[in-house]
file data08.txt (compact mmCIF, C-alpha atoms)
# COMPACT_ATOMS: atom_id res chain seq x y z
CA MET A 140 -31.26 5.38 46.51
CA VAL A 141 -29.74 2.79 44.23
CA ASN A 142 -27.53 4.17 41.53
CA GLN A 143 -25.38 2.67 38.86
CA SER A 144 -22.28 2.25 41.00
CA THR A 145 -23.92 -0.65 42.84
CA SER A 146 -24.15 -2.73 39.65
CA PRO A 147 -22.22 -5.98 40.11
CA GLY A 148 -18.66 -5.50 38.90
CA ILE A 149 -17.52 -4.95 35.36
CA VAL A 150 -19.62 -6.15 32.43
CA TRP A 151 -18.19 -9.18 30.63
CA TRP A 152 -17.22 -7.44 27.38
CA LYS A 153 -15.02 -5.01 29.28
CA TRP A 154 -13.09 -7.94 30.74
CA VAL A 155 -12.76 -9.40 27.25
CA GLY A 156 -11.45 -6.10 25.92
CA ALA A 157 -8.90 -5.65 28.70
CA ILE A 158 -7.64 -9.22 28.43
CA LEU A 159 -7.37 -9.08 24.64
CA VAL A 160 -5.43 -5.79 24.76
CA LEU A 161 -3.09 -7.12 27.44
CA TYR A 162 -2.61 -10.30 25.41
CA SER A 163 -1.89 -8.33 22.25
CA ILE A 164 0.69 -6.13 24.00
CA ILE A 165 2.57 -9.04 25.59
CA GLN A 166 2.26 -11.44 22.70
CA GLY A 167 2.80 -8.69 20.15
CA LEU A 168 6.21 -7.96 21.59
CA LEU A 169 7.17 -11.61 22.09
CA ILE A 170 6.15 -13.58 19.01
CA GLN A 171 8.38 -14.40 16.08
CA VAL A 172 7.67 -12.01 13.21
CA PRO A 173 8.60 -12.52 9.58
CA ARG A 174 11.86 -10.80 8.58
CA LEU A 175 10.87 -8.37 5.86
CA PRO A 176 12.99 -5.77 4.08
CA ILE A 177 12.35 -2.14 5.10
CA LEU A 178 10.07 -3.19 7.94
CA HIS A 179 12.21 -5.49 10.10
CA GLU A 180 11.08 -5.41 13.73
CA THR A 181 8.86 -2.36 13.26
CA ILE A 182 6.27 -4.74 11.83
CA ARG A 183 5.11 -5.19 15.43
CA ASN A 184 3.66 -1.70 15.23
CA LEU A 185 0.93 -3.30 13.14
CA PHE A 186 -0.72 -4.46 16.36
CA PHE A 187 -0.84 -0.93 17.76
CA HIS A 188 -1.12 1.37 14.75
CA VAL A 189 -3.66 -0.36 12.51
CA THR A 190 -5.90 -1.19 15.46
CA MET A 191 -6.28 2.53 16.19
CA TRP A 192 -7.83 3.09 12.77
CA PHE A 193 -10.16 0.14 13.14
CA SER A 194 -11.39 1.47 16.47
CA MET A 195 -11.67 5.00 15.10
CA ILE A 196 -13.92 3.76 12.32
CA ALA A 197 -15.97 1.85 14.90
CA MET A 198 -16.35 5.13 16.85
CA MET A 199 -17.36 6.98 13.67
CA ILE A 200 -20.05 4.42 12.96
CA ALA A 201 -21.29 4.50 16.57
CA SER A 202 -21.47 8.30 16.49
CA LEU A 203 -23.36 8.13 13.19
CA VAL A 204 -25.86 5.61 14.57
CA TYR A 205 -26.53 7.63 17.74
CA GLY A 206 -26.96 10.76 15.60
CA LEU A 207 -29.64 8.92 13.63
CA ILE A 208 -31.31 7.67 16.81
CA TYR A 209 -31.32 11.20 18.21
CA LEU A 210 -33.09 12.55 15.13
CA ARG A 211 -35.71 9.79 15.52
CA THR A 212 -36.30 10.18 19.26
CA ASN A 213 -35.22 13.73 20.21
CA ASP A 214 -33.72 12.32 23.41
CA LEU A 215 -30.69 14.36 24.49
CA LEU A 216 -29.06 11.25 25.97
CA HIS A 217 -28.39 9.97 22.45
CA ASP A 218 -26.84 13.31 21.56
CA ILE A 219 -24.41 12.94 24.48
CA ARG A 220 -23.53 9.49 23.17
CA ALA A 221 -22.97 10.71 19.61
CA LYS A 222 -20.73 13.46 20.93
CA GLN A 223 -18.66 11.24 23.21
CA TYR A 224 -18.14 8.63 20.49
CA ALA A 225 -16.86 11.40 18.22
CA TYR A 226 -14.51 12.62 20.96
CA THR A 227 -13.08 9.16 21.51
CA GLY A 228 -12.73 8.92 17.74
CA ILE A 229 -10.59 12.07 17.73
CA PHE A 230 -8.41 10.66 20.52
CA LEU A 231 -7.88 7.40 18.64
CA GLY A 232 -7.24 9.26 15.41
CA ILE A 233 -4.49 11.32 17.04
CA LEU A 234 -2.97 8.15 18.49
CA GLY A 235 -3.18 6.55 15.06
CA LEU A 236 -1.42 9.50 13.45
CA ALA A 237 1.27 9.48 16.15
CA THR A 238 2.02 5.76 15.89
CA GLY A 239 1.89 5.98 12.12
CA SER A 240 4.23 8.96 12.06
CA LEU A 241 6.75 7.12 14.20
CA TRP A 242 6.51 4.08 11.98
CA ALA A 243 6.91 6.17 8.83
CA LYS A 244 10.07 7.75 10.25
CA TYR A 245 11.74 4.36 10.64
CA THR A 246 10.57 2.77 7.42
CA TRP A 247 10.01 5.51 4.84
CA GLY A 248 12.47 7.97 6.40
CA SER A 249 10.11 10.86 7.09
CA TRP A 250 7.58 11.84 9.73
CA TRP A 251 4.94 12.66 7.17
CA VAL A 252 4.65 11.44 3.61
CA ASN A 253 2.21 12.34 0.88
CA ASP A 254 0.11 9.24 0.82
CA ALA A 255 -3.53 8.52 0.07
CA LYS A 256 -4.19 6.83 3.40
CA LEU A 257 -2.62 9.64 5.39
CA ASN A 258 -4.74 12.14 3.50
CA GLY A 259 -7.86 10.11 4.21
CA ALA A 260 -6.95 9.91 7.90
CA SER A 261 -6.29 13.62 8.22
CA ALA A 262 -9.49 14.45 6.34
CA SER A 263 -11.51 12.37 8.80
CA LEU A 264 -9.79 14.06 11.73
CA LEU A 265 -10.62 17.45 10.19
CA VAL A 266 -14.26 16.41 9.93
CA TYR A 267 -14.27 15.43 13.61
CA LEU A 268 -12.64 18.70 14.63
CA ALA A 269 -15.13 20.67 12.53
CA TYR A 270 -17.86 18.73 14.34
CA VAL A 271 -16.45 19.87 17.68
CA ILE A 272 -16.26 23.51 16.55
CA LEU A 273 -19.82 23.31 15.23
CA ARG A 274 -21.04 21.99 18.59
CA GLY A 275 -19.20 24.75 20.38
CA SER A 276 -20.82 27.47 18.31
CA MET A 277 -24.36 26.84 19.56
CA GLU A 278 -25.89 27.44 22.98
CA ASP A 279 -29.33 25.89 22.88
CA ASP A 280 -29.22 22.16 23.78
CA HIS A 281 -31.78 20.83 21.35
CA LYS A 282 -30.70 23.03 18.48
CA ARG A 283 -27.08 22.00 19.00
CA ALA A 284 -28.07 18.35 19.16
CA ARG A 285 -30.14 18.53 15.98
CA VAL A 286 -27.74 20.58 13.88
CA SER A 287 -24.69 18.58 14.89
CA ALA A 288 -26.52 15.29 14.34
CA VAL A 289 -27.37 16.40 10.82
CA TYR A 290 -23.79 17.49 10.15
CA GLY A 291 -22.43 14.32 11.74
CA ILE A 292 -24.55 12.03 9.59
CA PHE A 293 -23.86 14.03 6.43
CA SER A 294 -20.11 14.25 6.88
CA PHE A 295 -19.36 10.87 8.47
CA THR A 296 -21.25 9.08 5.70
CA LEU A 297 -19.36 10.93 2.97
CA MET A 298 -16.13 10.27 4.87
CA LEU A 299 -16.77 6.54 5.20
CA VAL A 300 -17.49 6.31 1.48
CA PHE A 301 -14.33 8.32 0.82
CA LEU A 302 -12.22 5.99 2.96
CA MET A 303 -13.60 3.07 0.97
CA ILE A 304 -13.04 4.43 -2.53
CA LEU A 305 -9.81 6.32 -1.89
CA PRO A 306 -7.37 3.40 -1.91
CA ARG A 307 -8.74 2.33 -5.29
CA LEU A 308 -7.96 5.74 -6.77
CA THR A 309 -4.24 5.94 -6.14
CA ASP A 310 -1.08 4.19 -5.30
CA SER A 311 -0.13 4.19 -1.68
CA LEU A 312 3.04 3.61 0.26
CA HIS A 313 1.01 1.39 2.52
CA PRO A 314 1.36 -2.37 2.41
CA GLY A 315 -0.10 -4.11 -0.57
CA ASN A 316 -0.06 -0.97 -2.76
CA GLY A 317 2.62 0.32 -5.08
CA GLY A 318 5.18 -2.45 -4.70
CA ASN A 319 5.55 -2.37 -0.92
CA PRO A 320 5.66 -5.57 1.06
CA GLY A 321 2.04 -6.23 2.01
CA PHE A 322 0.56 -7.85 5.07
CA GLY A 323 -2.91 -8.69 3.87
CA THR A 324 -2.27 -10.98 0.97
CA TYR A 325 0.79 -13.05 1.70
CA ASP A 326 2.93 -11.68 4.49
CA LEU A 327 0.59 -11.48 7.42
CA ASP A 328 1.37 -15.03 8.42
CA SER A 329 -0.89 -17.11 10.58
CA LYS A 330 1.15 -16.38 13.70
CA MET A 331 0.68 -12.63 13.32
CA ARG A 332 -2.99 -13.11 12.69
CA THR A 333 -3.34 -14.75 16.10
CA VAL A 334 -2.28 -11.43 17.64
CA PHE A 335 -3.68 -8.97 15.12
CA TYR A 336 -7.34 -10.01 15.15
CA PRO A 337 -7.59 -10.20 18.96
CA ALA A 338 -5.85 -6.82 19.12
CA VAL A 339 -8.43 -5.26 16.78
CA ILE A 340 -11.34 -6.63 18.79
CA GLY A 341 -9.66 -5.73 22.08
CA TRP A 342 -9.00 -2.11 21.13
CA ILE A 343 -12.50 -1.64 19.73
CA LEU A 344 -13.93 -2.91 23.02
CA MET A 345 -11.56 -0.65 24.96
CA ALA A 346 -12.72 2.31 22.88
CA PHE A 347 -16.33 1.52 23.74
CA TRP A 348 -15.36 1.23 27.40
CA ILE A 349 -13.59 4.59 27.42
CA THR A 350 -16.61 6.20 25.79
CA ASP A 351 -18.94 4.47 28.23
CA ILE A 352 -17.07 5.99 31.17
CA ARG A 353 -17.10 9.43 29.59
CA ILE A 354 -20.83 9.20 28.90
CA ARG A 355 -21.48 8.26 32.53
CA ILE A 356 -19.34 11.14 33.76
CA GLU A 357 -21.25 13.57 31.59
CA LYS A 358 -24.59 12.18 32.78
CA LEU A 359 -23.50 12.64 36.41
CA TYR A 360 -22.32 16.13 35.62
CA ILE A 361 -25.67 17.03 34.09
CA LYS A 362 -27.51 15.49 37.06
CA SER A 363 -25.47 17.50 39.57
CA TRP A 364 -25.97 20.61 37.50
CA GLU A 365 -29.73 20.15 37.41
CA SER A 366 -30.19 19.49 41.13
CA MET B 64 -46.99 19.40 -5.41
CA ILE B 65 -43.31 19.52 -4.51
CA ARG B 66 -42.39 20.10 -8.14
CA ASN B 67 -44.56 23.19 -8.30
CA GLN B 68 -43.05 24.56 -5.12
CA VAL B 69 -39.53 23.89 -6.37
CA ILE B 70 -40.21 25.72 -9.61
CA HIS B 71 -41.68 28.71 -7.77
CA LEU B 72 -38.79 28.81 -5.32
CA ILE B 73 -36.21 28.72 -8.10
CA GLN B 74 -38.06 31.51 -9.91
CA LYS B 75 -37.96 33.50 -6.69
CA GLU B 76 -34.20 32.92 -6.33
CA ILE B 77 -33.54 34.09 -9.88
CA LEU B 78 -35.80 37.12 -9.42
CA LEU B 79 -34.05 38.07 -6.17
CA GLU B 80 -30.67 37.65 -7.79
CA TRP B 81 -31.77 39.85 -10.65
CA ARG B 82 -32.98 42.57 -8.28
CA GLN B 83 -29.77 42.51 -6.25
CA LYS B 84 -27.45 42.44 -9.20
CA TYR B 85 -24.52 43.73 -7.21
CA ALA B 86 -24.14 40.43 -5.31
CA PHE B 87 -24.19 38.47 -8.53
CA GLN B 88 -21.74 40.81 -10.23
CA GLY B 89 -19.62 40.64 -7.10
CA LEU B 90 -19.09 36.92 -7.67
CA PHE B 91 -17.82 37.50 -11.19
CA LEU B 92 -15.56 40.23 -9.96
CA TYR B 93 -14.31 37.87 -7.27
CA VAL B 94 -13.34 35.31 -9.91
CA ILE B 95 -11.69 37.93 -12.11
CA SER B 96 -9.64 39.40 -9.30
CA THR B 97 -8.56 36.00 -8.00
CA VAL B 98 -7.48 34.89 -11.44
CA PHE B 99 -5.71 38.19 -11.96
CA ILE B 100 -3.81 37.83 -8.68
CA CYS B 101 -2.75 34.34 -9.74
CA TYR B 102 -1.70 35.73 -13.10
CA LEU B 103 0.44 38.41 -11.44
CA SER B 104 2.04 35.90 -9.09
CA PHE B 105 2.55 33.05 -11.54
CA ARG B 106 2.73 34.87 -14.92
CA GLN B 107 2.52 31.70 -16.95
CA VAL B 108 1.79 28.24 -15.63
CA ILE B 109 3.57 25.70 -17.77
CA ASP B 110 3.40 22.78 -15.41
CA LEU B 111 0.11 20.96 -16.08
CA PRO B 112 -0.60 19.62 -12.56
CA THR B 113 -0.09 23.14 -11.17
CA TRP B 114 -2.41 24.64 -13.78
CA ASN B 115 -5.02 22.08 -12.85
CA ALA B 116 -4.66 22.41 -9.07
CA LEU B 117 -4.72 26.21 -9.20
CA PHE B 118 -7.82 26.19 -11.36
CA TRP B 119 -9.71 23.94 -8.96
CA ILE B 120 -8.61 25.86 -5.89
CA ILE B 121 -9.96 29.08 -7.42
CA GLN B 122 -13.09 27.18 -8.31
CA LEU B 123 -13.40 25.90 -4.72
CA PHE B 124 -13.10 29.33 -3.16
CA ALA B 125 -15.49 30.87 -5.66
CA ALA B 126 -17.97 28.08 -4.92
CA VAL B 127 -17.76 28.51 -1.15
CA ASN B 128 -18.29 32.25 -1.53
CA ALA B 129 -21.12 31.89 -4.01
CA ILE B 130 -23.10 29.25 -2.18
CA ALA B 131 -22.43 30.45 1.37
CA ARG B 132 -24.98 33.15 0.59
CA SER B 133 -27.74 30.70 -0.25
CA PHE B 134 -28.92 30.34 3.35
CA LEU B 135 -26.78 32.89 5.12
CA GLN B 136 -28.44 35.77 3.26
CA GLU B 137 -31.95 34.76 4.29
CA SER B 138 -33.37 36.81 7.12
CA ARG B 139 -35.06 35.08 10.04
CA GLY B 140 -38.45 36.37 9.02
CA ARG B 141 -38.11 35.11 5.49
CA ILE B 142 -37.06 31.65 6.69
CA LEU B 143 -40.17 31.54 8.85
CA TYR B 144 -42.23 32.53 5.82
CA TYR B 145 -40.81 29.68 3.70
CA TYR B 146 -41.39 27.33 6.59
CA VAL B 147 -45.07 28.15 6.60
CA ILE B 148 -45.71 28.05 2.86
CA ALA B 149 -43.35 25.39 1.52
CA ASP B 150 -42.27 21.80 2.09
CA ALA B 151 -38.76 21.53 3.58
CA ARG B 152 -37.69 19.16 0.83
CA ALA B 153 -38.84 21.63 -1.80
CA VAL B 154 -36.73 24.34 -0.17
CA ILE B 155 -33.49 22.34 -0.18
CA LEU B 156 -34.14 21.00 -3.67
CA ALA B 157 -34.71 24.51 -5.00
CA LYS B 158 -31.58 25.79 -3.25
CA MET B 159 -29.49 22.94 -4.65
CA LEU B 160 -30.80 23.37 -8.18
CA TYR B 161 -30.32 27.11 -8.09
CA SER B 162 -26.78 26.71 -6.71
CA LEU B 163 -26.16 24.23 -9.50
CA LEU B 164 -27.17 26.76 -12.14
CA LEU B 165 -25.05 29.43 -10.47
CA MET B 166 -22.04 27.10 -10.24
CA TRP B 167 -22.30 26.11 -13.89
CA VAL B 168 -22.35 29.72 -15.03
CA LEU B 169 -19.56 30.61 -12.64
CA SER B 170 -17.35 27.66 -13.60
CA VAL B 171 -17.62 28.39 -17.33
CA PHE B 172 -16.79 32.02 -16.60
CA ASN B 173 -13.87 30.96 -14.41
CA TYR B 174 -12.56 28.72 -17.19
CA LEU B 175 -12.77 31.51 -19.76
CA CYS B 176 -11.05 34.03 -17.49
CA TYR B 177 -8.42 31.55 -16.45
CA SER B 178 -7.54 30.51 -19.99
CA LEU B 179 -7.45 34.16 -21.06
CA PHE B 180 -4.90 35.16 -18.41
CA ILE B 181 -3.00 32.02 -17.57
CA GLY B 182 -3.29 30.00 -20.76
CA ASN B 183 -5.34 27.06 -21.89
CA PRO B 184 -3.44 23.78 -22.20
CA VAL B 185 -6.62 21.63 -22.14
CA GLN B 186 -6.43 19.04 -24.90
CA ASP B 187 -9.87 17.48 -24.57
CA VAL B 188 -12.25 20.39 -23.96
CA LEU B 189 -15.34 18.20 -24.02
CA LEU B 190 -14.05 15.95 -21.25
CA PHE B 191 -12.88 18.97 -19.27
CA GLY B 192 -16.38 20.40 -19.66
CA LEU B 193 -17.77 17.19 -18.21
CA ALA B 194 -15.37 17.50 -15.28
CA LEU B 195 -16.57 21.07 -14.72
CA LEU B 196 -20.19 19.97 -14.93
CA LEU B 197 -19.86 17.09 -12.47
CA GLY B 198 -17.47 18.88 -10.13
CA SER B 199 -19.71 21.95 -9.88
CA MET B 200 -22.68 19.69 -9.28
CA GLY B 201 -20.93 18.18 -6.26
CA PHE B 202 -19.90 21.59 -4.95
CA ALA B 203 -23.47 22.83 -5.30
CA THR B 204 -25.12 19.94 -3.41
CA VAL B 205 -22.60 19.69 -0.57
CA LEU B 206 -22.24 23.44 -0.09
CA SER B 207 -26.00 24.15 -0.10
CA MET B 208 -26.41 21.67 2.74
CA VAL B 209 -23.40 23.00 4.66
CA SER B 210 -24.69 26.55 4.16
CA ALA B 211 -27.97 25.50 5.78
CA ILE B 212 -26.05 23.98 8.71
CA ALA B 213 -23.80 27.01 9.11
CA SER B 214 -26.77 29.39 9.01
CA LYS B 215 -28.29 27.51 11.97
CA ALA B 216 -25.06 27.94 13.89
CA GLY B 217 -24.97 31.71 13.91
CA ASN B 218 -24.16 32.90 10.39
CA ASN B 219 -20.44 32.49 10.65
CA SER B 220 -18.55 32.35 7.37
CA THR B 221 -15.43 30.78 8.93
CA LEU B 222 -17.67 27.95 10.04
CA MET B 223 -18.81 27.51 6.44
CA ALA B 224 -15.22 26.93 5.34
CA ILE B 225 -14.15 24.57 8.11
CA LEU B 226 -17.34 22.53 7.82
CA SER B 227 -17.19 22.18 4.07
CA PHE B 228 -13.49 21.78 3.21
CA PRO B 229 -12.94 18.33 4.71
CA ILE B 230 -16.12 16.90 3.19
CA LEU B 231 -15.35 18.46 -0.17
CA MET B 232 -11.95 16.77 -0.21
CA PRO B 233 -13.11 13.46 -1.75
CA LEU B 234 -14.95 15.35 -4.44
CA LEU B 235 -12.11 17.74 -5.12
CA MET B 236 -9.47 15.02 -5.32
CA THR B 237 -11.53 12.92 -7.72
CA THR B 238 -12.34 15.94 -9.88
CA ILE B 239 -8.72 17.08 -10.00
CA ARG B 240 -7.56 13.65 -11.17
CA PHE B 241 -10.39 13.47 -13.65
CA SER B 242 -9.69 16.88 -15.17
CA LYS B 243 -5.98 16.07 -15.33
CA ASN B 244 -6.93 13.26 -17.72
CA ALA B 245 -8.79 15.81 -19.83
CA LEU B 246 -5.76 18.12 -19.78
CA ASP B 247 -3.56 15.32 -21.05
CA GLY B 248 -6.10 14.38 -23.69
CA LEU B 249 -6.30 10.75 -22.57
CA ALA B 250 -8.92 8.42 -23.99
CA TRP B 251 -12.36 8.67 -22.38
CA SER B 252 -12.24 5.05 -21.28
CA VAL B 253 -9.46 5.92 -18.80
CA SER B 254 -11.80 8.32 -17.00
CA TYR B 255 -14.91 6.13 -16.78
CA SER B 256 -14.19 5.16 -13.18
CA PHE B 257 -13.87 8.83 -12.20
CA ILE B 258 -17.15 9.68 -13.91
CA ILE B 259 -18.90 6.87 -12.06
CA ILE B 260 -17.38 7.87 -8.70
CA LEU B 261 -18.33 11.52 -9.22
CA ILE B 262 -21.90 10.67 -10.18
CA ALA B 263 -22.16 8.35 -7.18
CA LEU B 264 -20.78 11.00 -4.79
CA ASN B 265 -23.17 13.61 -6.20
CA LEU B 266 -26.15 11.31 -5.85
CA LEU B 267 -25.14 10.33 -2.32
CA SER B 268 -24.65 13.89 -1.09
CA GLY B 269 -27.84 15.02 -2.82
CA ALA B 270 -29.84 12.19 -1.28
CA LEU B 271 -28.37 12.79 2.18
CA ALA B 272 -29.17 16.50 1.97
CA PHE B 273 -32.70 15.74 0.79
CA LEU B 274 -33.31 13.30 3.66
CA LEU B 275 -31.61 15.28 6.43
CA PHE B 276 -32.70 18.81 5.65
CA PRO B 277 -36.24 18.49 7.08
CA TYR B 278 -34.70 17.82 10.53
CA LEU B 279 -32.63 20.96 10.25
CA TRP B 280 -35.51 23.04 9.05
CA LYS B 281 -37.85 22.85 12.04
CA ASP B 282 -36.81 25.19 14.77

call {"tool": "encode", "arguments": {"input": "data08.txt", "output": "structure tokens"}}
result
Amino acid sequence: MVNQSTSPGIVWWKWVGAILVLYSIIQGLLIQVPRLPILHETIRNLFFHVTMWFSMIAMMIASLVYGLIYLRTNDLLHDIRAKQYAYTGIFLGILGLATGSLWAKYTWGSWWVNDAKLNGASASLLVYLAYVILRGSMEDDHKRARVSAVYGIFSFTLMLVFLMILPRLTDSLHPGNGGNPGFGTYDLDSKMRTVFYPAVIGWILMAFWITDIRIRIEKLYIKSWES
Amino acid sequence: MIRNQVIHLIQKEILLEWRQKYAFQGLFLYVISTVFICYLSFRQVIDLPTWNALFWIIQLFAAVNAIARSFLQESRGRILYYYVIADARAVILAKMLYSLLLMWVLSVFNYLCYSLFIGNPVQDVLLFGLALLLGSMGFATVLSMVSAIASKAGNNSTLMAILSFPILMPLLMTTIRFSKNALDGLAWSVSYSFIIILIALNLLSGALAFLLFPYLWKD
């Protein structure tokens, strides 16, 4: 019997992801960075911290899309996908909070500050965790899939909208807002861009890879459980 | 077709509420006792942001308690009955509209109680009224939907809170900022962006609930 493990090697986009992440780690630590007040060398954390949020939002969108597909098709496979994308999203969110917390300690002087972006990030993590609890509270497969898909779509959509409008509502300690040195407009020089953009793409691809492996593990688990 | 069903369902909700007056009166008592506890602990709130935040937190808890009942109170047999006789979209629409009415009544009552015990520093009452109106509308739509979800997952009221709090956060934060402007008596033009955001959030959550509820409804 031919199964998936005989497929020829690793798919191309996984190679791309791994190479881009490796490149961003090595190059991110080696390149010349602009000397900015407050930030100094910690600016290199940009390549590791901000990329986590980009990949988390990618996971949120993927989970949302698979939730929608599940409601259309009623195929439990899509429910597994929606779930695993959400789980990877939680993992990335925690990493994002951890790297951000470390960065905040060395620039703003505190592990946690009251800031619009931090509130947005913790709200999205709370939504994810509520999603996990909701899944855990139901036994029946199809019911769980349907109810959590509905909650996922409802909450992730509101959360994405929230993340978009929130920065416009308040000042933030984050770059570009409230008199802090910003990256986006003038300080993210072309040299940093050559690392930052590949890092974003690389980490998003890595996140998809991690989720892919977890989905395959769960499929195998279900298969062994059924037979 | 749907409009008729919605009207009948809302009439039914009001009739049921009228027959079980104790639940309805319980909500008012809930608000009074919460406000009274705050009064005993704070005495007088002079700081405006605290007044505002406390008011909306009471409002939030009252809303979760009031609307949690909307699906959680329905027995399995009755849900089956609605399923047979009514369109799913009519059911959620009726629940949202009824919750909206309930929230408006409750928020006005909360405001009266709160200003009686803790004081009323609101400078622009009309604008504050608008904040109450729009904020309660958002609570009603989001919480009706979450109540439906929580009722599917085994009637657990803790679940209701953890599912709804994070998604109510955008709404709550916008409303709190908006009503702070009303407290300070700022010009209406300062608050236009908040009004637009609140209306947009309400429409979005209402539309999502309307589209997604039919999937939840079939069992």

call {"tool": "interface_residues", "arguments": {"input": "data08.txt", "of": "chain B", "to": "chain A", "cutoff": "6 Å", "atoms": "all atoms listed in the file", "output": "ChimeraX atom specification"}}
result
/B:216,225-226,229,233

call {"tool": "write_last_selection", "arguments": {"input": "data08.txt", "atoms": "C-alpha atoms", "output": "CSV table (one decimal), in the frame of the given file"}}
result
chain,number,residue,atom,x,y,z
B,216,ALA,CA,-25.1,27.9,13.9
B,225,ILE,CA,-14.2,24.6,8.1
B,226,LEU,CA,-17.3,22.5,7.8
B,229,PRO,CA,-12.9,18.3,4.7
B,233,PRO,CA,-13.1,13.5,-1.8

call {"tool": "atom_distance", "arguments": {"input": "data08.txt", "atom1": "atom CA of Ser104 of chain B", "atom2": "atom CA of Trp119 of chain B"}}
result
16.8 Å

call {"tool": "atom_distance", "arguments": {"input": "data08.txt", "atom1": "atom CA of Phe172 of chain B", "atom2": "atom CA of Trp251 of chain B"}}
result
24.5 Å

call {"tool": "residues_around", "arguments": {"input": "data08.txt", "residues": "Ser210 of chain B", "least_positions_apart": "2", "cutoff": "8 Å", "atoms": "only C-alpha atoms", "output": "VMD selection string"}}
result
chain B and resid 130 to 135 206 to 208 212 to 214 223

call {"tool": "atom_distance", "arguments": {"input": "data08.txt", "atom1": "atom CA of Gln68 of chain B", "atom2": "atom CA of Asp150 of chain B"}}
result
7.8 Å

call {"tool": "residues_around", "arguments": {"input": "data08.txt", "residues": "Arg152 of chain B", "least_positions_apart": "2", "cutoff": "7 Å", "atoms": "all atoms listed in the file", "output": "tab-separated table (two decimals) with C-alpha atoms, in the frame of the given file"}}
result
chain	number	residue	atom	x	y	z
B	150	ASP	CA	-42.27	21.80	2.09
B	154	VAL	CA	-36.73	24.34	-0.17
B	155	ILE	CA	-33.49	22.34	-0.18
B	156	LEU	CA	-34.14	21.00	-3.67
B	273	PHE	CA	-32.70	15.74	0.79
B	276	PHE	CA	-32.70	18.81	5.65
B	277	PRO	CA	-36.24	18.49	7.08

call {"tool": "residues_around", "arguments": {"input": "data08.txt", "residues": "Gly167 of chain A", "least_positions_apart": "3", "cutoff": "7 Å", "atoms": "only C-alpha atoms", "output": "PyMOL selection string"}}
result
chain A and resi 163-164+170+183+186+334

call {"tool": "write_last_selection", "arguments": {"input": "data08.txt", "atoms": "C-alpha atoms", "output": "PDB file, keeping the file's coordinate frame"}}
result
ATOM      1  CA  SER A 163      -1.890  -8.330  22.250  1.00  0.00           C
ATOM      2  CA  ILE A 164       0.690  -6.130  24.000  1.00  0.00           C
ATOM      3  CA  ILE A 170       6.150 -13.580  19.010  1.00  0.00           C
ATOM      4  CA  ARG A 183       5.110  -5.190  15.430  1.00  0.00           C
ATOM      5  CA  PHE A 186      -0.720  -4.460  16.360  1.00  0.00           C
ATOM      6  CA  VAL A 334      -2.280 -11.430  17.640  1.00  0.00           C
TER       7      VAL A 334
END

call {"tool": "closest_residue", "arguments": {"input": "data08.txt", "among": "B:Asn128, B:Gln83, B:Asn115, B:Ser220", "to": "Tyr174 of chain B", "atoms": "all atoms listed in the file"}}
result
B:Asn115

call {"tool": "build_atoms", "arguments": {"input": "data08.txt", "residues": "segment 263-273 of chain A", "atoms": "N, CA and C atoms", "output": "PDB file, in the frame of the given file"}}
result
ATOM      1  N   SER A 263     -10.481  12.770   7.818  1.00  0.00           N
ATOM      2  CA  SER A 263     -11.510  12.370   8.800  1.00  0.00           C
ATOM      3  C   SER A 263     -11.303  13.092  10.124  1.00  0.00           C
ATOM      4  N   LEU A 264     -10.036  13.308  10.497  1.00  0.00           N
ATOM      5  CA  LEU A 264      -9.790  14.060  11.730  1.00  0.00           C
ATOM      6  C   LEU A 264     -10.319  15.491  11.592  1.00  0.00           C
ATOM      7  N   LEU A 265     -10.122  16.091  10.407  1.00  0.00           N
ATOM      8  CA  LEU A 265     -10.620  17.450  10.190  1.00  0.00           C
ATOM      9  C   LEU A 265     -12.145  17.506  10.326  1.00  0.00           C
ATOM     10  N   VAL A 266     -12.804  16.458   9.801  1.00  0.00           N
ATOM     11  CA  VAL A 266     -14.260  16.410   9.930  1.00  0.00           C
ATOM     12  C   VAL A 266     -14.667  16.371  11.404  1.00  0.00           C
ATOM     13  N   TYR A 267     -13.976  15.526  12.172  1.00  0.00           N
ATOM     14  CA  TYR A 267     -14.270  15.430  13.610  1.00  0.00           C
ATOM     15  C   TYR A 267     -14.052  16.775  14.298  1.00  0.00           C
ATOM     16  N   LEU A 268     -12.937  17.430  13.971  1.00  0.00           N
ATOM     17  CA  LEU A 268     -12.640  18.700  14.630  1.00  0.00           C
ATOM     18  C   LEU A 268     -13.680  19.760  14.252  1.00  0.00           C
ATOM     19  N   ALA A 269     -14.098  19.736  12.962  1.00  0.00           N
ATOM     20  CA  ALA A 269     -15.130  20.670  12.530  1.00  0.00           C
ATOM     21  C   ALA A 269     -16.417  20.405  13.310  1.00  0.00           C
ATOM     22  N   TYR A 270     -16.681  19.129  13.563  1.00  0.00           N
ATOM     23  CA  TYR A 270     -17.860  18.730  14.340  1.00  0.00           C
ATOM     24  C   TYR A 270     -17.802  19.336  15.742  1.00  0.00           C
ATOM     25  N   VAL A 271     -16.611  19.299  16.341  1.00  0.00           N
ATOM     26  CA  VAL A 271     -16.450  19.870  17.680  1.00  0.00           C
ATOM     27  C   VAL A 271     -16.675  21.380  17.662  1.00  0.00           C
ATOM     28  N   ILE A 272     -16.092  22.055  16.653  1.00  0.00           N
ATOM     29  CA  ILE A 272     -16.260  23.510  16.550  1.00  0.00           C
ATOM     30  C   ILE A 272     -17.740  23.854  16.357  1.00  0.00           C
ATOM     31  N   LEU A 273     -18.400  23.068  15.489  1.00  0.00           N
ATOM     32  CA  LEU A 273     -19.820  23.310  15.230  1.00  0.00           C
ATOM     33  C   LEU A 273     -20.618  23.186  16.527  1.00  0.00           C
TER      34      LEU A 273
END
